[in-house]
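What follows is one structure encoded as structure tokens, with my remarks underneath.
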Amino acid sequence: MTTMTREDVVARLAQLATEAEACRNCALGSVRTRAVFGVGNPEADLMFVGEAPGFHEDQQGEPFVGAAGQLLTKLIETTLGMQRSDVYIANTLCCRPPGNRDPLPEEIEACKPFLRAKLELIRPRLVVALGNFAAKLLTGSSLGITKLREKRFTMRDGTPLMCTFHPAAALRGGNAAEGIARDFEQIRLALESLPSETPDPSEQLGLFE
Ligand code: URA
């Protein structure tokens, strides 16, 4: 298997984003304004996976640009010492559910090939699931985020996976606000202790169930 260049990855991501814009594999494609494919560094070490676009993301076509996104950006900058453009940010769904309702199982299933492709192309060295929907999808567990954030996971290709509260939950204060702050400290430590070698792409098989 030949390793893709950065340009190859950028081109393939752009092609997939165009496919997502035209996608009607679930009902959401017909009701949203714009598909929100993902944003960031195509060679990111760190990839965040959130839930689904909200109002602002649907208007702008970019994930995490509303209030929750501002908190995520602040945590990336202040706790991780990185820029938003250093990481890659995506969601379990490319399309906004009407009224920001929870994603339906069939919508998550329909969008899974896009998320899988993003993970396979970007090949992050650490994946962080933000909130229940991403955490359940990526871990395959039915436990809630409060339990999942206490555990460390390895995806099927060996990529470490951590889970934390959704930034929107953290904006409401309480446990989630304190928890996400603590979890980002752990994310920073995990990034610092990553081995210097990246896995051979030929060894990358499925990424999640
Ligand atoms: N919440 C999410 O899960 N994703 C976004 O892109 C915005 C808000």
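All residue names refer to the structure tokens as shown: chains lettered A, B, ... in order, residues numbered from 1 in each chain, ligands numbered from 1 in order.
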
With a cut-off of 9 Å, could you pull out the residues of range 164-194 of chain A touching range 141-155 of chain A and give me the nearest pair of atoms for each, distance in Å to one decimal, using only C-alpha atoms, ordered by chain and ascending number, as JSON lines?
{"residue": "A:Thr164", "atom": "CA", "partner": "A:Arg149", "partner_atom": "CA", "distance": 5.1}
{"residue": "A:Phe165", "atom": "CA", "partner": "A:Ile145", "partner_atom": "CA", "distance": 6.5}
{"residue": "A:His166", "atom": "CA", "partner": "A:Ile145", "partner_atom": "CA", "distance": 8.9}
{"residue": "A:Ala176", "atom": "CA", "partner": "A:Thr146", "partner_atom": "CA", "distance": 8.7}
{"residue": "A:Gly179", "atom": "CA", "partner": "A:Arg149", "partner_atom": "CA", "distance": 8.9}
{"residue": "A:Asp183", "atom": "CA", "partner": "A:Arg149", "partner_atom": "CA", "distance": 7.8}

### Task
Set the cut-off to 12 Å, count only C-alpha atoms and all ligand atoms, and list whatever residues fall near ligand 1 as a count of residues only.
59

### Message
Can you pull out every residue from range 46-138 of chain A that DSSP, working from the backbone, puts in alpha helix (DSSP H), and format the result as a ChimeraX atom specification?
### Response
/A:55-60,67-78,105-122,132-138

### Task
Please give the complete set of residues from range 32-200 of chain A that DSSP, run on the backbone, assigns to strand (DSSP E or B), formatted as a PyMOL selection string.
chain A and resi 39-40+46-50+88-91+126-130+153-154+160-164

Let me see the file: selected residues, C-alpha atoms, as a short mmCIF file (atom, residue, chain, number, x, y, z; two decimals), in the first residue's frame.
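File written: selection_37.cif
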data_model
loop_
_atom_site.label_atom_id
_atom_site.label_comp_id
_atom_site.auth_asym_id
_atom_site.auth_seq_id
_atom_site.Cartn_x
_atom_site.Cartn_y
_atom_site.Cartn_z
CA VAL A 39 -12.27 21.19 9.43
CA GLY A 40 -8.62 21.34 10.32
CA LEU A 46 -5.42 14.95 17.39
CA MET A 47 -8.96 14.55 16.05
CA PHE A 48 -12.13 15.52 17.89
CA VAL A 49 -15.47 13.92 17.08
CA GLY A 50 -18.57 15.78 18.29
CA TYR A 88 -9.10 18.08 12.97
CA ILE A 89 -12.71 18.52 14.08
CA ALA A 90 -15.63 16.42 12.84
CA ASN A 91 -18.97 15.11 14.07
CA LEU A 126 -5.27 10.37 19.36
CA VAL A 127 -9.04 10.57 18.94
CA VAL A 128 -11.24 12.39 21.46
CA ALA A 129 -14.98 11.76 21.50
CA LEU A 130 -16.98 14.76 22.72
CA PHE A 153 -9.76 2.88 24.75
CA THR A 154 -7.84 1.69 21.72
CA PRO A 160 -5.84 5.64 21.38
CA LEU A 161 -9.31 7.00 22.08
CA MET A 162 -10.44 9.19 24.97
CA CYS A 163 -13.91 10.45 25.80
CA THR A 164 -15.03 13.62 27.52
#

### Message
Neighbouring residues of range 80-84 of chain A were defined as those with any atom within 8 Å, considering only C-alpha atoms; residues of the same chain fewer than 2 positions away were excluded. Please report them as a ChimeraX atom specification.
### Response
/A:40,73,75-78,86-88,184-185,187-188

Generate a file of the selected residues that holds N, CA and C atoms, formatted as a CSV table (one decimal), in the first residue's frame.
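Output below, filename again-v2.csv:
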chain,number,residue,atom,x,y,z
A,40,GLY,N,-9.9,21.4,9.6
A,40,GLY,CA,-8.6,21.3,10.3
A,40,GLY,C,-7.5,20.8,9.5
A,73,THR,N,-12.5,25.6,21.3
A,73,THR,CA,-11.3,26.3,20.8
A,73,THR,C,-10.5,26.9,21.9
A,75,LEU,N,-10.3,25.6,25.0
A,75,LEU,CA,-9.6,24.5,25.6
A,75,LEU,C,-8.4,24.0,24.8
A,76,ILE,N,-8.6,24.0,23.5
A,76,ILE,CA,-7.5,23.6,22.6
A,76,ILE,C,-6.3,24.6,22.8
A,77,GLU,N,-6.6,25.9,22.8
A,77,GLU,CA,-5.6,26.9,22.9
A,77,GLU,C,-4.9,26.9,24.3
A,78,THR,N,-5.8,27.0,25.3
A,78,THR,CA,-5.2,27.3,26.6
A,78,THR,C,-4.7,26.0,27.3
A,86,ASP,N,-4.5,23.3,14.2
A,86,ASP,CA,-3.5,22.1,14.3
A,86,ASP,C,-4.3,20.8,14.4
A,87,VAL,N,-5.5,20.8,14.8
A,87,VAL,CA,-6.3,19.6,15.0
A,87,VAL,C,-7.3,19.4,13.9
A,88,TYR,N,-8.0,18.3,13.9
A,88,TYR,CA,-9.1,18.1,13.0
A,88,TYR,C,-10.4,17.9,13.8
A,184,PHE,N,-9.2,17.6,29.6
A,184,PHE,CA,-8.2,18.2,28.7
A,184,PHE,C,-6.8,18.2,29.2
A,185,GLU,N,-6.6,18.2,30.5
A,185,GLU,CA,-5.3,18.1,31.1
A,185,GLU,C,-4.8,16.6,30.7
A,187,ILE,N,-5.7,14.8,28.2
A,187,ILE,CA,-5.5,14.8,26.8
A,187,ILE,C,-4.1,15.4,26.5
A,188,ARG,N,-3.8,16.5,27.1
A,188,ARG,CA,-2.5,17.1,26.9
A,188,ARG,C,-1.4,16.1,27.3

### Query
For Ser193 in chain A, which residue out of A:Phe114, A:Lys136, A:Arg125, A:Ala181 is the nearest one, using only C-alpha atoms?
A:Arg125

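We find CA of Thr139 in chain A and CA of Arg116 in chain A to be spaced 13.3 Å apart.
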
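Near Arg12 in chain A, within a cut-off of 12 Å and counting only C-alpha atoms, sit the residues A:Met4, A:Thr5, A:Arg6, A:Glu7, A:Asp8, A:Val9, A:Val10, A:Ala14, A:Gln15, A:Leu16, A:Ala17, A:Thr18, A:Glu19, A:Pro42, A:Phe114, A:Ala117, A:Lys118, A:Glu120, A:Leu121, A:Ile122, with same-chain residues fewer than 2 positions away left out.
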
May I have the selected residues written with C-alpha atoms, as a PDB file, in the first residue's frame?
ATOM      1  CA  MET A   4      -0.868   9.110   0.582  1.00  0.00           C
ATOM      2  CA  THR A   5       0.765  12.525   0.383  1.00  0.00           C
ATOM      3  CA  ARG A   6      -0.744  15.490   2.201  1.00  0.00           C
ATOM      4  CA  GLU A   7      -2.073  16.717  -1.179  1.00  0.00           C
ATOM      5  CA  ASP A   8      -3.724  13.328  -1.808  1.00  0.00           C
ATOM      6  CA  VAL A   9      -5.419  13.472   1.584  1.00  0.00           C
ATOM      7  CA  VAL A  10      -6.589  17.068   1.054  1.00  0.00           C
ATOM      8  CA  ALA A  14     -12.517  17.631  -0.518  1.00  0.00           C
ATOM      9  CA  GLN A  15     -14.065  14.974  -2.761  1.00  0.00           C
ATOM     10  CA  LEU A  16     -15.794  13.366   0.236  1.00  0.00           C
ATOM     11  CA  ALA A  17     -17.046  16.786   1.408  1.00  0.00           C
ATOM     12  CA  THR A  18     -18.643  17.259  -2.022  1.00  0.00           C
ATOM     13  CA  GLU A  19     -20.222  13.812  -1.716  1.00  0.00           C
ATOM     14  CA  PRO A  42      -5.402  16.894   7.250  1.00  0.00           C
ATOM     15  CA  PHE A 114     -17.936   9.492   6.112  1.00  0.00           C
ATOM     16  CA  ALA A 117     -13.120   7.742   5.838  1.00  0.00           C
ATOM     17  CA  LYS A 118     -12.038  10.864   7.734  1.00  0.00           C
ATOM     18  CA  GLU A 120      -8.635   6.561   7.780  1.00  0.00           C
ATOM     19  CA  LEU A 121      -7.366   9.523   5.756  1.00  0.00           C
ATOM     20  CA  ILE A 122      -6.233  11.767   8.616  1.00  0.00           C
TER      21      ILE A 122
END

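One finds CA of Gly173 in chain A at 26.1 Å from CA of Leu191 in chain A.
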
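Considering only C-alpha atoms, the residue among A:Arg182, A:Pro124, A:Ser196, A:Gly158 positioned nearest to Asp45 in chain A is A:Pro124.
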
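Among A:Thr79, A:Thr159, A:Arg24, A:Cys111, the residue with the shortest atom-to-atom distance to Pro195 in chain A, counting only C-alpha atoms, is A:Thr159.
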
#### Entry: Within 7 Å of Ala110 in chain A using only C-alpha atoms, minus same-chain residues under 4 positions, as a ChimeraX atom specification
/A:25-26,106
